[in-house]
file final35.pdb (PDB, C-alpha atoms and all ligand atoms)
ATOM      1  CA  MET D  93       1.416  -9.559   9.968  1.00  0.00           C
ATOM      2  CA  MET D  94       5.168  -9.832  10.295  1.00  0.00           C
ATOM      3  CA  ASP D  95       7.246 -10.842  13.257  1.00  0.00           C
ATOM      4  CA  PRO D  96      11.041 -10.514  13.244  1.00  0.00           C
ATOM      5  CA  GLU D  97      11.400 -14.266  12.736  1.00  0.00           C
ATOM      6  CA  GLN D  98       9.271 -14.046   9.593  1.00  0.00           C
ATOM      7  CA  PRO D  99      10.689 -13.167   6.186  1.00  0.00           C
ATOM      8  CA  PHE D 100      10.151  -9.561   5.125  1.00  0.00           C
ATOM      9  CA  ARG D 101       6.927  -9.069   3.176  1.00  0.00           C
ATOM     10  CA  VAL D 102       4.545  -6.358   1.998  1.00  0.00           C
ATOM     11  CA  ASP D 103       0.769  -6.173   1.541  1.00  0.00           C
ATOM     12  CA  ILE D 104      -1.049  -4.029  -1.024  1.00  0.00           C
ATOM     13  CA  ILE D 105      -4.283  -2.280  -0.081  1.00  0.00           C
ATOM     14  CA  VAL D 106      -6.308  -0.616  -2.825  1.00  0.00           C
ATOM     15  CA  ALA D 107      -9.831   0.355  -3.849  1.00  0.00           C
ATOM     16  CA  ASN D 108     -10.608   0.210  -7.558  1.00  0.00           C
ATOM     17  CA  ASP D 109     -13.744   0.432  -9.667  1.00  0.00           C
ATOM     18  CA  LYS D 110     -14.800  -2.066 -12.331  1.00  0.00           C
ATOM     19  CA  ASN D 111     -12.361  -0.439 -14.820  1.00  0.00           C
ATOM     20  CA  ARG D 112      -9.497  -0.554 -12.266  1.00  0.00           C
ATOM     21  CA  GLY D 113      -9.799   3.218 -11.697  1.00  0.00           C
ATOM     22  CA  ILE D 114      -8.304   4.415  -8.405  1.00  0.00           C
ATOM     23  CA  GLY D 115      -7.832   8.184  -8.598  1.00  0.00           C
ATOM     24  CA  LEU D 116      -8.861  11.484 -10.164  1.00  0.00           C
ATOM     25  CA  ASN D 117      -7.011  14.814  -9.933  1.00  0.00           C
ATOM     26  CA  GLY D 118      -4.812  13.641  -7.073  1.00  0.00           C
ATOM     27  CA  THR D 119      -7.651  12.407  -4.907  1.00  0.00           C
ATOM     28  CA  LEU D 120     -10.167   9.559  -4.687  1.00  0.00           C
ATOM     29  CA  PRO D 121     -12.901   9.409  -7.349  1.00  0.00           C
ATOM     30  CA  TRP D 122     -15.592   8.597  -4.760  1.00  0.00           C
ATOM     31  CA  SER D 123     -16.632   9.324  -1.201  1.00  0.00           C
ATOM     32  CA  ILE D 124     -17.372   6.120   0.706  1.00  0.00           C
ATOM     33  CA  PRO D 125     -16.859   6.751   4.449  1.00  0.00           C
ATOM     34  CA  ALA D 126     -17.322   3.071   5.362  1.00  0.00           C
ATOM     35  CA  GLU D 127     -14.569   2.041   2.938  1.00  0.00           C
ATOM     36  CA  THR D 128     -12.292   4.812   4.212  1.00  0.00           C
ATOM     37  CA  ASN D 129     -12.890   3.672   7.817  1.00  0.00           C
ATOM     38  CA  TYR D 130     -12.100   0.064   6.898  1.00  0.00           C
ATOM     39  CA  TYR D 131      -8.897   1.230   5.126  1.00  0.00           C
ATOM     40  CA  HIS D 132      -7.688   3.345   8.045  1.00  0.00           C
ATOM     41  CA  GLY D 133      -8.538   0.532  10.454  1.00  0.00           C
ATOM     42  CA  MET D 134      -6.446  -1.921   8.443  1.00  0.00           C
ATOM     43  CA  ILE D 135      -3.342   0.207   7.962  1.00  0.00           C
ATOM     44  CA  ASN D 136      -3.329   1.202  11.648  1.00  0.00           C
ATOM     45  CA  HIS D 137      -4.135  -2.197  13.139  1.00  0.00           C
ATOM     46  CA  VAL D 138      -1.337  -3.615  15.305  1.00  0.00           C
ATOM     47  CA  SER D 139      -1.548  -6.571  17.640  1.00  0.00           C
ATOM     48  CA  SER D 140       0.099  -4.695  20.542  1.00  0.00           C
ATOM     49  CA  PRO D 141       0.885  -1.034  21.327  1.00  0.00           C
ATOM     50  CA  ASP D 142       4.667  -1.512  21.086  1.00  0.00           C
ATOM     51  CA  LYS D 143       4.316  -2.334  17.373  1.00  0.00           C
ATOM     52  CA  GLN D 144       4.085  -0.033  14.395  1.00  0.00           C
ATOM     53  CA  ASN D 145       3.002  -0.409  10.785  1.00  0.00           C
ATOM     54  CA  ALA D 146       4.855   1.087   7.838  1.00  0.00           C
ATOM     55  CA  VAL D 147       3.407   2.432   4.593  1.00  0.00           C
ATOM     56  CA  ILE D 148       5.037   2.905   1.191  1.00  0.00           C
ATOM     57  CA  PHE D 149       3.517   5.401  -1.206  1.00  0.00           C
ATOM     58  CA  GLY D 150       4.313   7.675  -4.130  1.00  0.00           C
ATOM     59  CA  ARG D 151       4.735  11.413  -3.589  1.00  0.00           C
ATOM     60  CA  ILE D 152       1.277  12.359  -4.942  1.00  0.00           C
ATOM     61  CA  THR D 153      -0.565   9.893  -2.715  1.00  0.00           C
ATOM     62  CA  PHE D 154       1.510  11.061   0.252  1.00  0.00           C
ATOM     63  CA  GLN D 155       0.641  14.693  -0.478  1.00  0.00           C
ATOM     64  CA  SER D 156      -3.055  13.807  -0.593  1.00  0.00           C
ATOM     65  CA  ILE D 157      -2.927  12.563   3.022  1.00  0.00           C
ATOM     66  CA  ARG D 158       0.074  14.312   4.527  1.00  0.00           C
ATOM     67  CA  ASP D 159      -1.674  16.068   7.424  1.00  0.00           C
ATOM     68  CA  ALA D 160      -4.270  13.375   8.068  1.00  0.00           C
ATOM     69  CA  HIS D 161      -4.499  12.237  11.674  1.00  0.00           C
ATOM     70  CA  ASP D 162      -4.949   8.584  10.591  1.00  0.00           C
ATOM     71  CA  TYR D 163      -1.334   8.458   9.354  1.00  0.00           C
ATOM     72  CA  GLU D 164       0.383  10.007  12.382  1.00  0.00           C
ATOM     73  CA  LYS D 165       1.585   6.762  13.984  1.00  0.00           C
ATOM     74  CA  LEU D 166       2.683   5.079  10.762  1.00  0.00           C
ATOM     75  CA  LEU D 167       6.261   4.916   9.538  1.00  0.00           C
ATOM     76  CA  LYS D 168       5.782   6.676   6.192  1.00  0.00           C
ATOM     77  CA  VAL D 169       8.156   5.904   3.312  1.00  0.00           C
ATOM     78  CA  VAL D 170       7.638   8.244   0.355  1.00  0.00           C
ATOM     79  CA  VAL D 171       8.995   7.354  -3.092  1.00  0.00           C
ATOM     80  CA  THR D 172      10.149  10.436  -5.031  1.00  0.00           C
ATOM     81  CA  ARG D 173      12.898  11.276  -7.522  1.00  0.00           C
ATOM     82  CA  GLU D 174      13.660  14.215  -5.217  1.00  0.00           C
ATOM     83  CA  ALA D 175      14.519  11.961  -2.257  1.00  0.00           C
ATOM     84  CA  ALA D 176      18.129  13.140  -2.000  1.00  0.00           C
ATOM     85  CA  SER D 177      17.119  16.784  -1.613  1.00  0.00           C
ATOM     86  CA  THR D 178      14.033  16.310   0.593  1.00  0.00           C
ATOM     87  CA  GLN D 179      14.491  16.556   4.339  1.00  0.00           C
ATOM     88  CA  PRO D 180      12.212  14.430   6.511  1.00  0.00           C
ATOM     89  CA  THR D 181      10.466  16.394   9.244  1.00  0.00           C
ATOM     90  CA  ASP D 182      10.197  13.603  11.799  1.00  0.00           C
ATOM     91  CA  ARG D 183      11.361  10.111  12.722  1.00  0.00           C
ATOM     92  CA  ASN D 184       8.273   8.556  11.145  1.00  0.00           C
ATOM     93  CA  LEU D 185       8.936  10.012   7.701  1.00  0.00           C
ATOM     94  CA  HIS D 186      11.544   8.873   5.195  1.00  0.00           C
ATOM     95  CA  TYR D 187      12.119   9.666   1.501  1.00  0.00           C
ATOM     96  CA  VAL D 188      13.549   7.143  -0.959  1.00  0.00           C
ATOM     97  CA  PRO D 189      14.250   7.295  -4.717  1.00  0.00           C
ATOM     98  CA  THR D 190      12.764   3.900  -5.720  1.00  0.00           C
ATOM     99  CA  PHE D 191      10.348   1.209  -4.514  1.00  0.00           C
ATOM    100  CA  GLN D 192      13.315  -1.129  -4.041  1.00  0.00           C
ATOM    101  CA  ALA D 193      15.004   1.462  -1.816  1.00  0.00           C
ATOM    102  CA  ALA D 194      11.801   1.562   0.263  1.00  0.00           C
ATOM    103  CA  THR D 195      11.891  -2.193   0.923  1.00  0.00           C
ATOM    104  CA  GLU D 196      15.645  -2.082   1.630  1.00  0.00           C
ATOM    105  CA  TYR D 197      15.175   0.777   4.120  1.00  0.00           C
ATOM    106  CA  LEU D 198      12.352  -1.038   5.917  1.00  0.00           C
ATOM    107  CA  GLN D 199      14.350  -4.253   6.178  1.00  0.00           C
ATOM    108  CA  ILE D 200      17.202  -2.326   7.787  1.00  0.00           C
ATOM    109  CA  GLU D 201      14.811  -0.544  10.162  1.00  0.00           C
ATOM    110  CA  ARG D 202      13.282  -3.873  11.146  1.00  0.00           C
ATOM    111  CA  GLU D 203      16.493  -5.837  11.572  1.00  0.00           C
ATOM    112  CA  ARG D 204      19.428  -3.533  12.296  1.00  0.00           C
ATOM    113  CA  GLU D 205      17.515  -0.662  13.936  1.00  0.00           C
ATOM    114  CA  ARG D 206      15.155  -3.098  15.688  1.00  0.00           C
ATOM    115  CA  ARG D 207      12.037  -1.106  14.929  1.00  0.00           C
ATOM    116  CA  ASN D 208       9.062  -3.239  15.831  1.00  0.00           C
ATOM    117  CA  ILE D 209       7.365  -3.127  12.420  1.00  0.00           C
ATOM    118  CA  GLU D 210       4.367  -5.412  12.113  1.00  0.00           C
ATOM    119  CA  THR D 211       2.851  -4.871   8.649  1.00  0.00           C
ATOM    120  CA  VAL D 212       4.227  -3.037   5.628  1.00  0.00           C
ATOM    121  CA  TRP D 213       1.365  -1.652   3.561  1.00  0.00           C
ATOM    122  CA  VAL D 214       1.799  -0.516  -0.041  1.00  0.00           C
ATOM    123  CA  LEU D 215      -0.627   2.376  -0.626  1.00  0.00           C
ATOM    124  CA  GLY D 216       0.003   3.213  -4.311  1.00  0.00           C
ATOM    125  CA  GLY D 217      -0.323   4.977  -6.712  1.00  0.00           C
ATOM    126  CA  SER D 218      -0.131   3.191 -10.048  1.00  0.00           C
ATOM    127  CA  ARG D 219       3.609   2.681 -10.478  1.00  0.00           C
ATOM    128  CA  ILE D 220       4.176   1.808  -6.833  1.00  0.00           C
ATOM    129  CA  TYR D 221       1.420  -0.815  -7.071  1.00  0.00           C
ATOM    130  CA  ASP D 222       2.952  -2.152 -10.269  1.00  0.00           C
ATOM    131  CA  GLU D 223       6.353  -2.575  -8.613  1.00  0.00           C
ATOM    132  CA  ALA D 224       4.798  -4.168  -5.535  1.00  0.00           C
ATOM    133  CA  LEU D 225       2.887  -6.659  -7.715  1.00  0.00           C
ATOM    134  CA  ARG D 226       6.248  -7.714  -9.211  1.00  0.00           C
ATOM    135  CA  SER D 227       8.077  -7.703  -5.890  1.00  0.00           C
ATOM    136  CA  PRO D 228       9.400 -10.940  -4.368  1.00  0.00           C
ATOM    137  CA  TYR D 229       8.110  -9.616  -1.032  1.00  0.00           C
ATOM    138  CA  LEU D 230       4.440  -9.351  -2.038  1.00  0.00           C
ATOM    139  CA  HIS D 231       2.264 -11.387   0.305  1.00  0.00           C
ATOM    140  CA  ARG D 232      -1.360 -10.200  -0.037  1.00  0.00           C
ATOM    141  CA  VAL D 233      -3.549  -7.814  -1.990  1.00  0.00           C
ATOM    142  CA  TYR D 234      -6.448  -6.330   0.005  1.00  0.00           C
ATOM    143  CA  LEU D 235      -8.587  -5.521  -3.015  1.00  0.00           C
ATOM    144  CA  THR D 236     -11.723  -3.404  -2.673  1.00  0.00           C
ATOM    145  CA  THR D 237     -13.891  -3.364  -5.768  1.00  0.00           C
ATOM    146  CA  VAL D 238     -16.204  -0.375  -5.936  1.00  0.00           C
ATOM    147  CA  GLN D 239     -19.256  -1.204  -8.009  1.00  0.00           C
ATOM    148  CA  GLY D 240     -19.829   1.058 -10.985  1.00  0.00           C
ATOM    149  CA  GLU D 241     -17.686   3.163 -13.274  1.00  0.00           C
ATOM    150  CA  PHE D 242     -16.141   6.449 -12.146  1.00  0.00           C
ATOM    151  CA  ALA D 243     -14.218   9.143 -13.992  1.00  0.00           C
ATOM    152  CA  CYS D 244     -10.568   8.285 -13.205  1.00  0.00           C
ATOM    153  CA  ASP D 245      -7.128   9.338 -14.433  1.00  0.00           C
ATOM    154  CA  THR D 246      -5.160   6.747 -12.427  1.00  0.00           C
ATOM    155  CA  HIS D 247      -5.527   2.967 -12.499  1.00  0.00           C
ATOM    156  CA  PHE D 248      -4.526  -0.177 -10.645  1.00  0.00           C
ATOM    157  CA  PRO D 249      -2.331  -2.351 -12.903  1.00  0.00           C
ATOM    158  CA  GLU D 250      -3.692  -5.493 -14.512  1.00  0.00           C
ATOM    159  CA  PHE D 251      -2.367  -8.571 -12.766  1.00  0.00           C
ATOM    160  CA  ASP D 252      -2.766 -12.330 -13.043  1.00  0.00           C
ATOM    161  CA  ARG D 253      -5.280 -13.418 -10.414  1.00  0.00           C
ATOM    162  CA  THR D 254      -4.472 -17.086 -10.997  1.00  0.00           C
ATOM    163  CA  HIS D 255      -1.253 -16.481  -9.011  1.00  0.00           C
ATOM    164  CA  PHE D 256      -3.379 -15.729  -5.952  1.00  0.00           C
ATOM    165  CA  GLY D 257      -5.883 -17.557  -3.785  1.00  0.00           C
ATOM    166  CA  ILE D 258      -8.688 -15.937  -1.779  1.00  0.00           C
ATOM    167  CA  VAL D 259      -8.159 -16.072   1.990  1.00  0.00           C
ATOM    168  CA  ASN D 260     -10.133 -14.847   4.990  1.00  0.00           C
ATOM    169  CA  ASP D 261      -9.073 -12.031   7.267  1.00  0.00           C
ATOM    170  CA  PRO D 262     -11.497 -11.463  10.163  1.00  0.00           C
ATOM    171  CA  ARG D 263     -10.795  -7.717  10.042  1.00  0.00           C
ATOM    172  CA  VAL D 264     -12.307  -7.419   6.563  1.00  0.00           C
ATOM    173  CA  PRO D 265     -16.061  -6.799   6.057  1.00  0.00           C
ATOM    174  CA  VAL D 266     -17.773  -9.823   4.503  1.00  0.00           C
ATOM    175  CA  GLY D 267     -20.009  -9.472   1.431  1.00  0.00           C
ATOM    176  CA  VAL D 268     -21.273  -6.416  -0.405  1.00  0.00           C
ATOM    177  CA  GLN D 269     -21.248  -3.241   1.692  1.00  0.00           C
ATOM    178  CA  THR D 270     -23.137  -0.054   0.795  1.00  0.00           C
ATOM    179  CA  ASP D 271     -22.493   3.468   2.004  1.00  0.00           C
ATOM    180  CA  ASN D 272     -23.299   6.884   0.554  1.00  0.00           C
ATOM    181  CA  GLY D 273     -25.273   5.094  -2.173  1.00  0.00           C
ATOM    182  CA  ILE D 274     -22.165   3.230  -3.408  1.00  0.00           C
ATOM    183  CA  SER D 275     -21.570  -0.515  -3.029  1.00  0.00           C
ATOM    184  CA  PHE D 276     -18.196  -2.168  -2.576  1.00  0.00           C
ATOM    185  CA  GLN D 277     -16.737  -5.546  -1.674  1.00  0.00           C
ATOM    186  CA  VAL D 278     -13.368  -6.481  -0.254  1.00  0.00           C
ATOM    187  CA  GLU D 279     -11.399  -9.568  -1.290  1.00  0.00           C
ATOM    188  CA  VAL D 280      -8.141 -10.699   0.270  1.00  0.00           C
ATOM    189  CA  LEU D 281      -5.841 -12.295  -2.310  1.00  0.00           C
ATOM    190  CA  GLU D 282      -2.791 -14.177  -1.087  1.00  0.00           C
ATOM    191  CA  ARG D 283       0.006 -15.039  -3.455  1.00  0.00           C
ATOM    192  CA  LYS D 284       0.370 -18.776  -3.899  1.00  0.00           C
ATOM    193  CA  SER D 285       3.662 -19.991  -2.507  1.00  0.00           C
ATOM    194  CA  ASP D 286       4.612 -21.614  -5.820  1.00  0.00           C
ATOM    195  CA  GLN D 287       4.251 -18.177  -7.486  1.00  0.00           C
ATOM    196  CA  ALA D 288       6.934 -16.481  -5.421  1.00  0.00           C
ATOM    197  CA  ALA D 289       9.024 -14.194  -7.582  1.00  0.00           C
ATOM    198  CA  PRO D 290      12.737 -15.043  -7.790  1.00  0.00           C
ATOM    199  CA  PRO D 291      14.965 -13.451  -5.141  1.00  0.00           C
ATOM    200  CA  ASN D 292      16.092  -9.952  -5.901  1.00  0.00           C
ATOM    201  CA  ILE D 293      19.715 -10.382  -6.998  1.00  0.00           C
ATOM    202  CA  ASP D 294      20.704  -6.869  -5.862  1.00  0.00           C
ATOM    203  CA  LEU D 295      19.829  -7.732  -2.282  1.00  0.00           C
ATOM    204  CA  LEU D 296      21.975 -10.873  -2.235  1.00  0.00           C
ATOM    205  CA  VAL D 297      25.311  -9.249  -3.062  1.00  0.00           C
TER
HETATM  206  N1  LIG Q 301      -8.153   4.094  -4.609  1.00  0.00           N
HETATM  207  C1  LIG Q 301      -7.029   3.819  -3.983  1.00  0.00           C
HETATM  208  O1  LIG Q 301      -6.918   2.817  -3.259  1.00  0.00           O
HETATM  209  C2  LIG Q 301      -5.849   4.737  -4.179  1.00  0.00           C
HETATM  210  C3  LIG Q 301      -4.618   4.419  -3.600  1.00  0.00           C
HETATM  211  C4  LIG Q 301      -3.528   5.252  -3.845  1.00  0.00           C
HETATM  212  C5  LIG Q 301      -3.677   6.388  -4.630  1.00  0.00           C
HETATM  213  N2  LIG Q 301      -4.898   6.662  -5.141  1.00  0.00           N
HETATM  214  C6  LIG Q 301      -5.070   7.834  -6.013  1.00  0.00           C
HETATM  215  O2  LIG Q 301      -4.132   7.716  -7.079  1.00  0.00           O
HETATM  216  C7  LIG Q 301      -3.636   9.018  -7.419  1.00  0.00           C
HETATM  217  C8  LIG Q 301      -2.134   9.090  -7.133  1.00  0.00           C
HETATM  218  O3  LIG Q 301      -1.455   8.032  -7.779  1.00  0.00           O
HETATM  219  P1  LIG Q 301      -0.353   8.314  -8.910  1.00  0.00           P
HETATM  220  O4  LIG Q 301      -0.028   7.001  -9.518  1.00  0.00           O
HETATM  221  O5  LIG Q 301      -0.839   9.416  -9.796  1.00  0.00           O
HETATM  222  O6  LIG Q 301       0.849   8.940  -8.082  1.00  0.00           O
HETATM  223  P2  LIG Q 301       1.776   8.417  -6.880  1.00  0.00           P
HETATM  224  O7  LIG Q 301       2.340   7.074  -7.165  1.00  0.00           O
HETATM  225  O8  LIG Q 301       1.091   8.617  -5.583  1.00  0.00           O
HETATM  226  O9  LIG Q 301       2.919   9.511  -6.976  1.00  0.00           O
HETATM  227  C9  LIG Q 301       3.650   9.615  -8.178  1.00  0.00           C
HETATM  228  C10 LIG Q 301       4.969  10.216  -7.824  1.00  0.00           C
HETATM  229  O10 LIG Q 301       5.659   9.317  -6.928  1.00  0.00           O
HETATM  230  C11 LIG Q 301       7.010   9.237  -7.309  1.00  0.00           C
HETATM  231  N3  LIG Q 301       7.243   7.906  -7.849  1.00  0.00           N
HETATM  232  C12 LIG Q 301       6.330   6.943  -8.105  1.00  0.00           C
HETATM  233  N4  LIG Q 301       6.935   5.827  -8.529  1.00  0.00           N
HETATM  234  C13 LIG Q 301       8.255   6.098  -8.542  1.00  0.00           C
HETATM  235  C14 LIG Q 301       9.397   5.340  -8.844  1.00  0.00           C
HETATM  236  N5  LIG Q 301       9.293   4.057  -9.223  1.00  0.00           N
HETATM  237  N6  LIG Q 301      10.613   5.929  -8.759  1.00  0.00           N
HETATM  238  C15 LIG Q 301      10.732   7.206  -8.353  1.00  0.00           C
HETATM  239  N7  LIG Q 301       9.663   7.982  -8.027  1.00  0.00           N
HETATM  240  C16 LIG Q 301       8.451   7.412  -8.120  1.00  0.00           C
HETATM  241  C17 LIG Q 301       7.230  10.352  -8.288  1.00  0.00           C
HETATM  242  O11 LIG Q 301       7.403  11.487  -7.461  1.00  0.00           O
HETATM  243  P3  LIG Q 301       8.259  12.793  -7.928  1.00  0.00           P
HETATM  244  O12 LIG Q 301       7.443  13.438  -8.996  1.00  0.00           O
HETATM  245  O13 LIG Q 301       8.339  13.607  -6.650  1.00  0.00           O
HETATM  246  O14 LIG Q 301       9.582  12.293  -8.383  1.00  0.00           O
HETATM  247  C18 LIG Q 301       5.897  10.413  -9.000  1.00  0.00           C
HETATM  248  O15 LIG Q 301       5.653  11.651  -9.638  1.00  0.00           O
HETATM  249  C19 LIG Q 301      -4.419   9.998  -6.548  1.00  0.00           C
HETATM  250  O16 LIG Q 301      -5.577  10.388  -7.268  1.00  0.00           O
HETATM  251  C20 LIG Q 301      -4.782   9.153  -5.347  1.00  0.00           C
HETATM  252  O17 LIG Q 301      -5.919   9.654  -4.648  1.00  0.00           O
HETATM  253  C21 LIG Q 301      -5.969   5.876  -4.940  1.00  0.00           C
END
call {"tool": "encode", "arguments": {"input": "final35.pdb", "output": "structure tokens", "more": "lines below"}}
Ligand SMILES: NC(=O)c1ccc[n+]([C@@H]2O[C@H](COP(=O)([O-])OP(=O)(O)OC[C@H]3O[C@@H](n4cnc5c(N)ncnc54)[C@H](OP(=O)(O)O)[C@@H]3O)[C@@H](O)[C@H]2O)c1
result
Amino acid sequence: MMDPEQPFRVDIIVANDKNRGIGLNGTLPWSIPAETNYYHGMINHVSSPDKQNAVIFGRITFQSIRDAHDYEKLLKVVVTREAASTQPTDRNLHYVPTFQAATEYLQIERERERRNIETVWVLGGSRIYDEALRSPYLHRVYLTTVQGEFACDTHFPEFDRTHFGIVNDPRVPVGVQTDNGISFQVEVLERKSDQAAPPNIDLLV
């Protein structure tokens, strides 16, 4: 969680199978209601009603959820090459051309516009996750591993787990969970402070 005194940071949340598969044909490769409920609970959880979470996602992931009730209250930042020509339809929707532009926009909203943003969640897909894993702002990866192998056309990037330590978050289910005949487990990986990426030069000028 982020308070205005804290440095800006982002958290990844993702579910992948044993081959790092995350998606098929623009949607999820599995149906696991308990995992979906956990995910929606996490991205919507705020410590008080005056706070709001933000999400960053690519255009395809956004389109897969765009009318879903669980995203209504979130400040949604969509990464698309068409950002300049896409008009947002409400105050909680914003289009940007790059992942870096998404983090810059959210820092301005938090500081200059005084939006009470608590957590910034990175929701994928592949390239957005890859940029978040390299970002100096990455704090945690909420990593669900779905047991088994699924047909997938989209994958979570490989990353060096030695740069992270496992931490507890009381909101996360402990141990192996099973629903709809599929088992999954959630780990919370926190980047070690000595692994912080160098500051982004563009943001310092
Ligand atoms: N299991 C999970 O936790 C999870 C999480 C997220 C997504 N998914 C699944 O993954 C699939 C979608 O992921 P995806 O990787 O195919 O697509 P995506 O990242 O959701 O969307 C790709 C699009 O986003 C824009 N984009 C992404 N990175 C960009 C960048 N750096 N600069 C400019 N534009 C960028 C481009 O939009 P334009 O074409 O408009 O320029 C690109 O075509 C779906 O199947 C979804 O269900 C699964």
call {"tool": "closest_residue", "arguments": {"input": "final35.pdb", "among": "D:Asp182, D:Asp271, D:Asp109, D:Glu279", "to": "ligand LIG 301 (chain Q)", "atoms": "all atoms listed in the file"}}
result
D:Asp109
call {"tool": "residues_near_ligand", "arguments": {"input": "final35.pdb", "ligand": "ligand LIG 301 (chain Q)", "cutoff": "6 Å", "atoms": "only C-alpha atoms and all ligand atoms", "output": "list in words"}}
result
Val106, Ala107, Asn108, Ile114, Gly115, Leu116, Asn117, Gly118, Thr119, Leu120, Phe149, Gly150, Arg151, Ile152, Thr153, Val171, Thr172, Arg173, Glu174, Pro189, Thr190, Phe191, Leu215, Gly216, Gly217, Ser218, Arg219, Ile220 and Thr246 of chain D
call {"tool": "atom_distance", "arguments": {"input": "final35.pdb", "atom1": "atom CA of D:Thr211", "atom2": "atom CA of D:Phe154"}}
result
18.1 Å
call {"tool": "resolve_selection", "arguments": {"input": "final35.pdb", "expression": "the PyMOL selection byres (((chain D and resi 131-145) around 7) and not hetatm)", "output": "JSON, numbers by chain"}}
result
{"D": [127, 128, 129, 130, 146, 147, 162, 166, 167, 208, 209, 210, 211, 212, 213]}
call {"tool": "atom_distance", "arguments": {"input": "final35.pdb", "atom1": "atom CA of D:Trp122", "atom2": "atom CA of D:Ile105"}}
result
16.4 Å
call {"tool": "atom_distance", "arguments": {"input": "final35.pdb", "atom1": "atom CA of D:Leu235", "atom2": "atom CA of D:Ile274"}}
result
16.2 Å
call {"tool": "closest_residue", "arguments": {"input": "final35.pdb", "among": "D:Arg226, D:Arg183, D:Arg232, D:Lys168", "to": "D:Pro249", "atoms": "all atoms listed in the file"}}
result
D:Arg226
call {"tool": "decode", "arguments": {"input": "final35.pdb", "residues": "stretch 215-227 of chain D", "atoms": "N, CA and C atoms", "output": "compact mmCIF listing (two decimals), in the first residue's frame"}}
result
# COMPACT_ATOMS: atom_id res chain seq x y z
N LEU D 215 -1.55 -5.19 -14.27
CA LEU D 215 -2.40 -6.35 -14.59
C LEU D 215 -2.02 -7.07 -15.88
N GLY D 216 -0.90 -6.68 -16.52
CA GLY D 216 -0.46 -7.37 -17.73
C GLY D 216 -0.99 -6.71 -18.98
N GLY D 217 -0.85 -7.37 -20.15
CA GLY D 217 -0.29 -8.69 -20.42
C GLY D 217 1.22 -8.74 -20.45
N SER D 218 1.74 -9.57 -21.38
CA SER D 218 3.14 -9.96 -21.36
C SER D 218 4.12 -8.79 -21.34
N ARG D 219 3.94 -7.85 -22.28
CA ARG D 219 4.93 -6.78 -22.41
C ARG D 219 4.82 -5.81 -21.24
N ILE D 220 3.60 -5.59 -20.78
CA ILE D 220 3.41 -4.70 -19.63
C ILE D 220 4.08 -5.32 -18.40
N TYR D 221 3.91 -6.62 -18.23
CA TYR D 221 4.58 -7.30 -17.10
C TYR D 221 6.10 -7.17 -17.24
N ASP D 222 6.58 -7.36 -18.47
CA ASP D 222 8.03 -7.31 -18.68
C ASP D 222 8.57 -5.92 -18.28
N GLU D 223 7.86 -4.87 -18.69
CA GLU D 223 8.32 -3.53 -18.35
C GLU D 223 8.21 -3.27 -16.86
N ALA D 224 7.18 -3.80 -16.23
CA ALA D 224 7.03 -3.61 -14.78
C ALA D 224 8.14 -4.35 -14.02
N LEU D 225 8.52 -5.54 -14.52
CA LEU D 225 9.59 -6.29 -13.85
C LEU D 225 10.92 -5.54 -13.91
N ARG D 226 11.09 -4.69 -14.94
CA ARG D 226 12.32 -3.91 -15.08
C ARG D 226 12.20 -2.52 -14.46
N SER D 227 11.02 -2.19 -13.96
CA SER D 227 10.77 -0.82 -13.51
C SER D 227 11.43 -0.55 -12.16
